[in-house]
>>> print(open('my_file.tsv').read())   # TSV, C-alpha atoms
chain	number	residue	atom	x	y	z
O	1	MET	CA	85.83	162.08	108.75
O	2	LYS	CA	89.14	163.04	110.37
O	3	TYR	CA	89.52	159.50	111.79
O	4	LEU	CA	88.74	157.91	108.42
O	5	VAL	CA	91.52	159.93	106.76
O	6	ARG	CA	93.98	158.88	109.49
O	7	ALA	CA	92.97	155.23	109.09
O	8	VAL	CA	93.47	155.39	105.29
O	9	ILE	CA	96.90	157.05	105.73
O	10	ILE	CA	98.02	154.43	108.30
O	11	LEU	CA	96.69	151.58	106.14
O	12	GLY	CA	98.50	152.98	103.08
O	13	PHE	CA	101.71	153.31	105.09
O	14	LEU	CA	101.46	149.66	106.28
O	15	VAL	CA	100.74	148.36	102.77
O	16	GLY	CA	103.72	150.32	101.43
O	17	LEU	CA	105.96	149.01	104.20
O	18	MET	CA	104.89	145.38	103.54
O	19	THR	CA	105.48	145.83	99.80
O	20	LEU	CA	108.95	147.21	100.47
O	21	LEU	CA	109.74	144.30	102.81
O	22	MET	CA	108.61	141.72	100.22
O	23	LEU	CA	110.75	143.45	97.58
O	24	VAL	CA	113.83	143.35	99.82
O	25	VAL	CA	113.29	139.62	100.59
O	26	ALA	CA	112.79	138.85	96.90
O	27	LEU	CA	115.99	140.67	95.94
O	28	PHE	CA	118.29	139.53	98.73
O	29	GLY	CA	116.72	136.21	99.84
O	30	PRO	CA	115.27	135.28	103.19
O	31	ALA	CA	117.12	136.32	106.32
O	32	ASP	CA	119.31	133.73	108.02
O	33	ASP	CA	117.24	132.08	110.71
O	34	GLY	CA	120.33	131.09	112.70
O	35	THR	CA	119.86	127.37	112.11
O	36	GLY	CA	122.50	127.21	109.41
O	37	SER	CA	120.00	125.68	107.00
O	38	GLN	CA	120.67	126.09	103.32
O	39	PRO	CA	118.41	125.92	100.28
O	40	ALA	CA	117.28	122.43	99.37
O	41	ALA	CA	119.86	120.62	97.25
O	42	ALA	CA	118.97	118.55	94.20
O	43	ARG	CA	118.81	114.78	94.66
O	44	CYS	CA	120.91	112.55	92.43
O	45	ASP	CA	120.15	108.82	92.44
O	46	LEU	CA	123.53	107.17	92.01
O	47	LEU	CA	122.13	103.88	90.67
O	48	LYS	CA	119.51	105.34	88.32
O	49	ALA	CA	121.01	108.66	87.23
O	50	GLY	CA	124.69	108.18	87.99
O	51	PRO	CA	127.32	109.30	87.58
O	52	CYS	CA	126.44	112.41	89.55
O	53	VAL	CA	128.66	115.35	88.57
O	54	TRP	CA	129.14	118.80	90.14
O	55	ASN	CA	131.66	121.63	90.12
O	56	THR	CA	133.20	123.50	93.04
O	57	ASP	CA	135.84	126.20	93.32
O	58	ALA	CA	138.42	123.38	93.60
O	59	GLY	CA	137.27	121.72	90.36
O	60	ARG	CA	135.02	118.98	88.97
O	61	TRP	CA	133.68	116.13	91.14
O	62	SER	CA	131.83	112.98	90.13
O	63	ALA	CA	130.37	110.02	92.01
O	64	ASN	CA	129.22	106.72	90.58
O	65	LEU	CA	127.75	103.64	92.25
O	66	GLU	CA	127.27	100.17	90.80
O	67	MET	CA	126.06	96.87	92.17
O	68	VAL	CA	128.95	94.42	92.22
O	69	ARG	CA	127.33	91.21	93.39
O	70	ASP	CA	124.35	89.86	95.30
O	71	THR	CA	125.20	87.62	98.25
O	72	SER	CA	123.33	86.10	101.18
O	73	ASP	CA	124.60	89.04	103.28
O	74	GLY	CA	123.09	91.58	100.89
O	75	THR	CA	124.11	93.42	97.76
O	76	ALA	CA	127.68	94.63	97.45
O	77	TYR	CA	128.21	98.05	95.92
O	78	ARG	CA	131.26	99.77	94.47
O	79	LEU	CA	131.45	103.54	94.95
O	80	GLU	CA	133.78	105.55	92.75
O	81	VAL	CA	134.47	109.23	93.46
O	82	SER	CA	136.58	111.50	91.31
O	83	ALA	CA	137.84	114.51	93.30
O	84	PRO	CA	139.85	117.49	92.03
O	85	GLU	CA	142.22	117.35	95.00
O	86	ALA	CA	143.29	114.61	97.40
O	87	PRO	CA	141.32	114.75	100.66
O	88	GLU	CA	142.97	113.28	103.75
O	89	ARG	CA	140.98	110.42	105.33
O	90	PHE	CA	138.33	110.47	102.60
O	91	LEU	CA	135.06	108.90	103.79
O	92	ALA	CA	131.64	108.17	102.36
O	93	VAL	CA	129.13	108.07	105.22
O	94	LEU	CA	125.95	106.07	104.65
O	95	ARG	CA	122.90	107.56	106.39
O	96	GLY	CA	119.35	106.27	106.17
O	97	GLU	CA	117.25	108.64	104.07
O	98	SER	CA	113.92	106.80	104.19
O	99	MET	CA	114.40	105.80	107.84
O	100	TYR	CA	117.16	106.26	110.38
O	101	MET	CA	119.34	103.16	110.75
O	102	GLY	CA	122.51	104.74	112.02
O	103	GLU	CA	125.60	105.99	110.23
O	104	TYR	CA	128.09	103.76	108.46
O	105	PRO	CA	131.43	105.32	107.48
O	106	VAL	CA	133.13	103.73	104.48
O	107	ALA	CA	136.77	104.59	103.82
O	108	LEU	CA	137.56	105.57	100.24
O	109	GLY	CA	140.95	104.38	99.00
O	110	GLN	CA	142.95	106.15	96.32
O	111	GLU	CA	143.00	104.10	93.14
O	112	ALA	CA	144.51	106.67	90.76
O	113	ASP	CA	145.51	110.34	90.91
O	114	ASN	CA	142.04	111.75	91.50
O	115	LEU	CA	140.01	108.53	91.71
O	116	TYR	CA	138.85	107.04	95.01
O	117	THR	CA	136.91	103.80	95.46
O	118	ALA	CA	135.24	101.74	98.15
O	119	GLN	CA	133.26	98.53	98.22
O	120	PHE	CA	130.54	98.01	100.84
O	121	THR	CA	127.31	96.21	101.63
O	122	ALA	CA	124.48	98.49	102.71
O	123	PRO	CA	122.54	97.32	105.78
O	124	ILE	CA	119.03	96.11	105.02
O	125	CYS	CA	115.90	96.92	106.98
O	126	SER	CA	114.01	93.79	108.04
O	127	VAL	CA	110.69	95.69	108.10
O	128	ASP	CA	110.76	97.38	104.68
O	129	ALA	CA	111.72	95.65	101.44
O	130	SER	CA	113.75	98.60	100.23
O	131	MET	CA	115.81	101.28	101.90
O	132	THR	CA	116.94	104.65	100.54
O	133	TRP	CA	120.43	105.62	101.65
O	134	ARG	CA	122.17	108.99	101.44
O	135	ILE	CA	125.93	109.16	100.91
O	136	ASP	CA	127.68	112.14	102.49
O	137	LEU	CA	131.31	112.75	101.56
O	138	GLN	CA	133.64	113.70	104.40
O	139	GLU	CA	137.27	114.52	104.98
O	140	GLY	CA	137.79	112.89	108.37
O	141	GLN	CA	135.04	114.24	110.64
O	142	ALA	CA	134.31	117.32	108.49
O	143	SER	CA	131.78	117.30	105.66
O	144	ILE	CA	133.06	118.12	102.19
O	145	GLU	CA	131.71	121.62	101.53
O	146	ASP	CA	130.04	122.87	98.35
O	147	VAL	CA	128.33	119.59	97.37
O	148	PRO	CA	125.16	120.88	95.71
O	149	LEU	CA	123.68	117.39	95.35
O	150	ILE	CA	122.18	114.91	97.77
O	151	LEU	CA	123.68	111.57	96.70
O	152	VAL	CA	121.18	108.74	97.27
O	153	PHE	CA	120.55	105.16	96.22
O	154	GLU	CA	117.93	102.54	96.98
O	155	ALA	CA	119.16	99.26	98.40
O	156	ALA	CA	116.70	96.49	97.70
O	157	GLY	CA	116.01	94.10	100.56
O	158	ARG	CA	115.40	90.39	100.40
>>> encode(input="my_file.tsv", output="structure tokens")
Amino acid sequence: MKYLVRAVIILGFLVGLMTLLMLVVALFGPADDGTGSQPAAARCDLLKAGPCVWNTDAGRWSANLEMVRDTSDGTAYRLEVSAPEAPERFLAVLRGESMYMGEYPVALGQEADNLYTAQFTAPICSVDASMTWRIDLQEGQASIEDVPLILVFEAAGR
């Protein structure tokens, strides 16, 4: 009987400790695992749902993508980004989202005060008819911080 009482007390203590731990995690979020990973960002399809708009401490951002023309080399796109402040060496880096095909930096040129544009042709995969690309905004080699969206678009192959 004495051992049964001890077992019940230890079990109750462990259940209470686990409940307290779950409450702390629920209130303060999971502990940093050291990988630098952040919560999953929302996806915004630039061709279907654009323009994609978000706010940061610096101000309001927006990105829009449109097909300009279809050529034998592929489809040309025009990217337009409105930024609250002028980044130095503003880049849009294309990265394969559906499959890795390398990274393609595209320089954004200033068209107006806070408006930056670039025209590019996305590489096409010869194996798959379509390719989903992610566009990451960078200032030189550093990523633009506080972008809560994953900017994507699907480039149709031939």
>>> residues_around(input="my_file.tsv", residues="Ile150 of chain O", least_positions_apart="2", cutoff="9 Å", atoms="all atoms listed in the file", output="PyMOL selection string")
chain O and resi 41-45+134-136+147-148+152
>>> atom_distance(input="my_file.tsv", atom1="atom CA of Thr75 of chain O", atom2="atom CA of Ile144 of chain O")
26.6 Å
>>> residues_around(input="my_file.tsv", residues="Glu139 of chain O", least_positions_apart="2", cutoff="8 Å", atoms="only C-alpha atoms", output="compact mmCIF listing (two decimals) with C-alpha atoms, in the coordinates of the input")
# COMPACT_ATOMS: atom_id res chain seq x y z
CA PRO O 87 141.32 114.75 100.66
CA GLU O 88 142.97 113.28 103.75
CA ARG O 89 140.98 110.42 105.33
CA PHE O 90 138.33 110.47 102.60
CA LEU O 91 135.06 108.90 103.79
CA LEU O 137 131.31 112.75 101.56
CA GLN O 141 135.04 114.24 110.64
CA ALA O 142 134.31 117.32 108.49
CA SER O 143 131.78 117.30 105.66
CA ILE O 144 133.06 118.12 102.19
>>> residues_around(input="my_file.tsv", residues="Val53 of chain O", least_positions_apart="4", cutoff="9 Å", atoms="all atoms listed in the file", output="list in words")
Arg60, Trp61, Ser62, Ala63, Asn64 and Leu149 of chain O
>>> atom_distance(input="my_file.tsv", atom1="atom CA of Met131 of chain O", atom2="atom CA of Gly109 of chain O")
25.5 Å
>>> atom_distance(input="my_file.tsv", atom1="atom CA of Ala155 of chain O", atom2="atom CA of Ser98 of chain O")
10.9 Å
>>> closest_residue(input="my_file.tsv", among="O:Leu108, O:Ala7, O:Ala76, O:Met99", to="Gln138 of chain O", atoms="all atoms listed in the file")
O:Leu108
